[in-house]
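Contents: one structure, followed by commentary.
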Amino acid sequence: MTKRVFSGARPTGRQHIGNYLGALRNYVALQDEYDCIYCIVDIHALTSMEDTGKLQHYIRETLLDWLAAGLDPEKSILFVQSHVPEVMELQTLLGMVTPLSWLLRVPTFKEKVKTQPENVNYGLVGYPVLMTADIILYKANTIPVGEDQLPHIELAREIVRRFNSRFGDTFPEPQAKLTEFPLVVGLDGKEKMSATLDNGIDIAATTEETRQRIMTAVTDPARRYRNDPGHPEICAIYKLHEYFSTNEKDSIAGQCRTAEMGCVSCKKLLAERINVELAPFREKRAELAAKPQYIADVLSDGAARARIIARETLREAKERMGLI
Ligand code: AMP
Ligand code: TRP
């Protein structure tokens, strides 16, 4: 049987360069060889989003980014999580084999307790259980994600092992798949690039927005004056050159170390490279944005196809657990 790939992204805005380099490029590459399912996880977004007024808009923006980046609805199933409600039923069932102590130890949960102390909701604790349900509802084997998701995938494997040992072999243990850029640092030079931290560059940004955003980036703090030598290995801008300026990266690193090139020129060059690389993507995205009916059709077709698989797996899980 062809291996199945599953992944998801939260509709919290447009996709940024971190999403693109850490995950989306792999989603696209895997479509030719595997049976791929990609999900816009709106229910997961609700665990942190208090104002949901833009949720529908963000769902469309995410899908536009995916399609323009090369996801093909003829090859992959593309759908919205809440359109296949079976996932919530499976999440409840998996909750019975998931010790609370495992969930309280998850690093992303501990982080959220710090960043949103006024909103530590029940859904937030269950976040990795819902994520496990996403994956195993489709019996997926391979999960293309960024490095930040590794603890979640590890937990999914533990939940699967528990379920299988208690109720009989039912689900495969999923495995994460990383790109060579599994953790892209934001323009603040500190945190990972993230929509909620507003420290990124959206792949759909205009050429001018891209230039302006990059100019605000924090580079090597040791380079306070134009002639100070730099340390490309600790610079978030240089990290992006490694991808967007592959052929010149050694020369750029050399010119930074000797202070031959200053940070302003280095940033201008990066903006130019990103704008050239993303030009075809941006053109295709603008074409797709003019076809709202097509976007709606992709999602309703995706949900219908996903639901056929979901219903069958849920029935099997219930049978194993003695509910049928
Ligand atoms: P999110 O937007 O957080 O739902 O993430 C969607 C996908 O992009 C997940 O697989 C993340 O691991 C990945 N991702 C998000 N931010 C980054 C980043 N800064 N670097 C690498 N991968 C990322
Ligand atoms: N938690 C993931 C993120 O924040 C999104 C996600 C939800 C996901 N369900 C998934 C990723 C299943 C991979 C597989 O990026």
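Ligands are numbered from 1 in the order shown, residues from 1 within each chain, and chains are lettered A, B, ... in the order they appear in the structure tokens.
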Within 10 Å of Ala304 in chain A using only C-alpha atoms, minus same-chain residues under 5 positions, as a PyMOL selection string:
chain A and resi 77+79+83-84+299+309-310
Can those selected residues be exported to a file as an mmCIF file, in the first residue's frame so that it contains N, CA and C atoms?
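Output below, filename result-v1.cif:
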```cif
data_model
loop_
_atom_site.group_PDB
_atom_site.id
_atom_site.type_symbol
_atom_site.label_atom_id
_atom_site.label_comp_id
_atom_site.auth_asym_id
_atom_site.auth_seq_id
_atom_site.Cartn_x
_atom_site.Cartn_y
_atom_site.Cartn_z
ATOM 1 N N ILE A 77 -5.455 15.481 -0.907
ATOM 2 C CA ILE A 77 -6.728 15.904 -0.309
ATOM 3 C C ILE A 77 -6.434 17.142 0.537
ATOM 4 N N PHE A 79 -8.304 19.943 2.969
ATOM 5 C CA PHE A 79 -9.602 20.168 3.619
ATOM 6 C C PHE A 79 -9.459 20.934 4.929
ATOM 7 N N HIS A 83 -14.655 20.451 9.011
ATOM 8 C CA HIS A 83 -15.580 19.914 8.007
ATOM 9 C C HIS A 83 -15.674 18.386 8.096
ATOM 10 N N VAL A 84 -14.741 17.792 8.848
ATOM 11 C CA VAL A 84 -14.787 16.336 9.061
ATOM 12 C C VAL A 84 -14.888 16.116 10.575
ATOM 13 N N LEU A 299 -12.229 22.922 -1.217
ATOM 14 C CA LEU A 299 -12.430 22.528 0.182
ATOM 15 C C LEU A 299 -13.614 21.583 0.362
ATOM 16 N N ILE A 309 -12.734 8.235 4.393
ATOM 17 C CA ILE A 309 -11.690 7.513 5.135
ATOM 18 C C ILE A 309 -11.953 7.635 6.640
ATOM 19 N N ALA A 310 -12.300 8.852 7.072
ATOM 20 C CA ALA A 310 -12.495 9.125 8.502
ATOM 21 C C ALA A 310 -13.597 8.251 9.103
#
```
Excluding Pro11 in chain A and any residue of its chain fewer than 4 positions from it, enumerate the residues within 9 Å of it, using only C-alpha atoms, and give them as a PyMOL selection string.
chain A and resi 15+40-42+44-45+55-62
Residues up to 8 Å from ligand 2, counting only C-alpha atoms and all ligand atoms: could you list those as a ChimeraX atom specification?
/A:6-10,39-41,44,127-128,130-132,134-135,143-146,148-149,152-153
Write down as a VMD selection string the residues belonging to range 120-295 of chain A that are assigned alpha helix (DSSP H) by DSSP computed on the backbone.
chain A and resid 122 to 125 127 to 136 150 to 167 207 to 215 236 to 244 249 to 257 263 to 289 292 to 295
All residues 8 Å or closer to range 276-288 of chain A, only C-alpha atoms, same chain fewer than 3 positions away omitted, as an MDAnalysis selection string:
chainID A and resid 64:65 67:69 203:204 244 272:273 291:292 295
Serialized selection, N, CA, C and O atoms, as a PDB file, in the first residue's frame:
```
ATOM      1  N   LEU A  64      -4.991  29.502  -0.308  1.00  0.00           N
ATOM      2  CA  LEU A  64      -4.380  30.189  -1.464  1.00  0.00           C
ATOM      3  C   LEU A  64      -2.866  30.010  -1.458  1.00  0.00           C
ATOM      4  O   LEU A  64      -2.255  29.725  -2.492  1.00  0.00           O
ATOM      5  N   ASP A  65      -2.261  30.155  -0.275  1.00  0.00           N
ATOM      6  CA  ASP A  65      -0.810  29.960  -0.168  1.00  0.00           C
ATOM      7  C   ASP A  65      -0.429  28.540  -0.564  1.00  0.00           C
ATOM      8  O   ASP A  65       0.547  28.326  -1.280  1.00  0.00           O
ATOM      9  N   LEU A  67      -2.071  26.364  -2.474  1.00  0.00           N
ATOM     10  CA  LEU A  67      -2.271  26.065  -3.902  1.00  0.00           C
ATOM     11  C   LEU A  67      -1.208  26.757  -4.751  1.00  0.00           C
ATOM     12  O   LEU A  67      -0.634  26.166  -5.662  1.00  0.00           O
ATOM     13  N   ALA A  68      -0.941  28.024  -4.413  1.00  0.00           N
ATOM     14  CA  ALA A  68       0.046  28.771  -5.207  1.00  0.00           C
ATOM     15  C   ALA A  68       1.447  28.186  -5.034  1.00  0.00           C
ATOM     16  O   ALA A  68       2.278  28.242  -5.942  1.00  0.00           O
ATOM     17  N   ALA A  69       1.710  27.570  -3.878  1.00  0.00           N
ATOM     18  CA  ALA A  69       3.028  26.960  -3.650  1.00  0.00           C
ATOM     19  C   ALA A  69       3.155  25.615  -4.358  1.00  0.00           C
ATOM     20  O   ALA A  69       4.233  25.030  -4.377  1.00  0.00           O
ATOM     21  N   ILE A 203       4.899  34.733   2.750  1.00  0.00           N
ATOM     22  CA  ILE A 203       5.351  34.443   1.388  1.00  0.00           C
ATOM     23  C   ILE A 203       4.530  35.239   0.373  1.00  0.00           C
ATOM     24  O   ILE A 203       4.997  35.548  -0.700  1.00  0.00           O
ATOM     25  N   ALA A 204       3.289  35.613   0.767  1.00  0.00           N
ATOM     26  CA  ALA A 204       2.442  36.374  -0.151  1.00  0.00           C
ATOM     27  C   ALA A 204       2.650  37.888  -0.041  1.00  0.00           C
ATOM     28  O   ALA A 204       1.946  38.663  -0.695  1.00  0.00           O
ATOM     29  N   PHE A 244      17.963  31.156   0.110  1.00  0.00           N
ATOM     30  CA  PHE A 244      17.575  31.979  -1.040  1.00  0.00           C
ATOM     31  C   PHE A 244      18.760  32.411  -1.904  1.00  0.00           C
ATOM     32  O   PHE A 244      18.564  32.895  -3.012  1.00  0.00           O
ATOM     33  N   GLU A 272      15.943  41.066  -2.395  1.00  0.00           N
ATOM     34  CA  GLU A 272      15.925  40.879  -3.841  1.00  0.00           C
ATOM     35  C   GLU A 272      15.807  39.387  -4.202  1.00  0.00           C
ATOM     36  O   GLU A 272      15.002  38.996  -5.035  1.00  0.00           O
ATOM     37  N   ARG A 273      16.613  38.567  -3.521  1.00  0.00           N
ATOM     38  CA  ARG A 273      16.608  37.118  -3.787  1.00  0.00           C
ATOM     39  C   ARG A 273      15.251  36.497  -3.470  1.00  0.00           C
ATOM     40  O   ARG A 273      14.744  35.670  -4.203  1.00  0.00           O
ATOM     41  N   LYS A 291     -10.585  33.605  -8.050  1.00  0.00           N
ATOM     42  CA  LYS A 291     -11.538  32.510  -8.305  1.00  0.00           C
ATOM     43  C   LYS A 291     -12.093  31.951  -6.997  1.00  0.00           C
ATOM     44  O   LYS A 291     -11.785  30.814  -6.630  1.00  0.00           O
ATOM     45  N   PRO A 292     -12.928  32.730  -6.286  1.00  0.00           N
ATOM     46  CA  PRO A 292     -13.421  32.270  -4.976  1.00  0.00           C
ATOM     47  C   PRO A 292     -14.230  30.971  -5.054  1.00  0.00           C
ATOM     48  O   PRO A 292     -14.181  30.151  -4.133  1.00  0.00           O
ATOM     49  N   ILE A 295     -11.906  27.993  -4.961  1.00  0.00           N
ATOM     50  CA  ILE A 295     -11.375  27.776  -3.614  1.00  0.00           C
ATOM     51  C   ILE A 295     -12.403  27.013  -2.763  1.00  0.00           C
ATOM     52  O   ILE A 295     -12.081  26.036  -2.086  1.00  0.00           O
TER      53      ILE A 295
END
```
So that I can see what lies close to Met321 in chain A, please list as a list in words the residues with an atom at most 12 Å from it, counting only C-alpha atoms and leaving out residues fewer than 6 positions away in the same chain.
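These residues fall inside the cut-off: Leu90, Leu93, Leu94, Met96, Val97, Phe163, Asn164, Ser165, Arg166, Phe167, Gly168, Asp169, Thr170, Leu314 and Arg315 of chain A.
When only C-alpha atoms are used to compute distances to Ile159 in chain A, the closest of the residues A:Cys235, A:Leu78, A:Ala289, A:Val129 turns out to be A:Val129.
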Show me, as a PyMOL selection string, the residues that have an atom within 10 Å of Phe109 in chain A when counting only C-alpha atoms, minus same-chain residues fewer than 6 positions from it.
chain A and resi 103+115+120+124-128
Strand (DSSP E or B) call set, DSSP backbone run, range 167-218 of chain A, as an MDAnalysis selection string:
chainID A and resid 175:177 185 192 202
Those selected residues, please, written with N, CA, C and O atoms and delivered as a PDB file, in the first residue's frame.
```
ATOM      1  N   GLN A 175       5.549   8.999  11.903  1.00  0.00           N
ATOM      2  CA  GLN A 175       6.923   9.476  11.966  1.00  0.00           C
ATOM      3  C   GLN A 175       7.039  10.882  11.383  1.00  0.00           C
ATOM      4  O   GLN A 175       6.496  11.147  10.313  1.00  0.00           O
ATOM      5  N   ALA A 176       7.763  11.755  12.088  1.00  0.00           N
ATOM      6  CA  ALA A 176       7.931  13.127  11.599  1.00  0.00           C
ATOM      7  C   ALA A 176       8.931  13.146  10.454  1.00  0.00           C
ATOM      8  O   ALA A 176       9.855  12.336  10.413  1.00  0.00           O
ATOM      9  N   LYS A 177       8.735  14.086   9.534  1.00  0.00           N
ATOM     10  CA  LYS A 177       9.710  14.295   8.467  1.00  0.00           C
ATOM     11  C   LYS A 177      10.067  15.777   8.426  1.00  0.00           C
ATOM     12  O   LYS A 177       9.203  16.635   8.242  1.00  0.00           O
ATOM     13  N   VAL A 185      14.322  31.070  12.249  1.00  0.00           N
ATOM     14  CA  VAL A 185      14.256  32.116  13.282  1.00  0.00           C
ATOM     15  C   VAL A 185      13.598  33.370  12.700  1.00  0.00           C
ATOM     16  O   VAL A 185      13.759  33.682  11.525  1.00  0.00           O
ATOM     17  N   LYS A 192      11.337  31.687  17.212  1.00  0.00           N
ATOM     18  CA  LYS A 192      11.057  31.081  15.907  1.00  0.00           C
ATOM     19  C   LYS A 192      10.093  31.994  15.150  1.00  0.00           C
ATOM     20  O   LYS A 192       9.282  32.703  15.767  1.00  0.00           O
ATOM     21  N   ASP A 202       5.581  37.115   5.288  1.00  0.00           N
ATOM     22  CA  ASP A 202       4.606  36.252   4.621  1.00  0.00           C
ATOM     23  C   ASP A 202       5.097  35.973   3.209  1.00  0.00           C
ATOM     24  O   ASP A 202       5.592  36.883   2.536  1.00  0.00           O
TER      25      ASP A 202
END
```
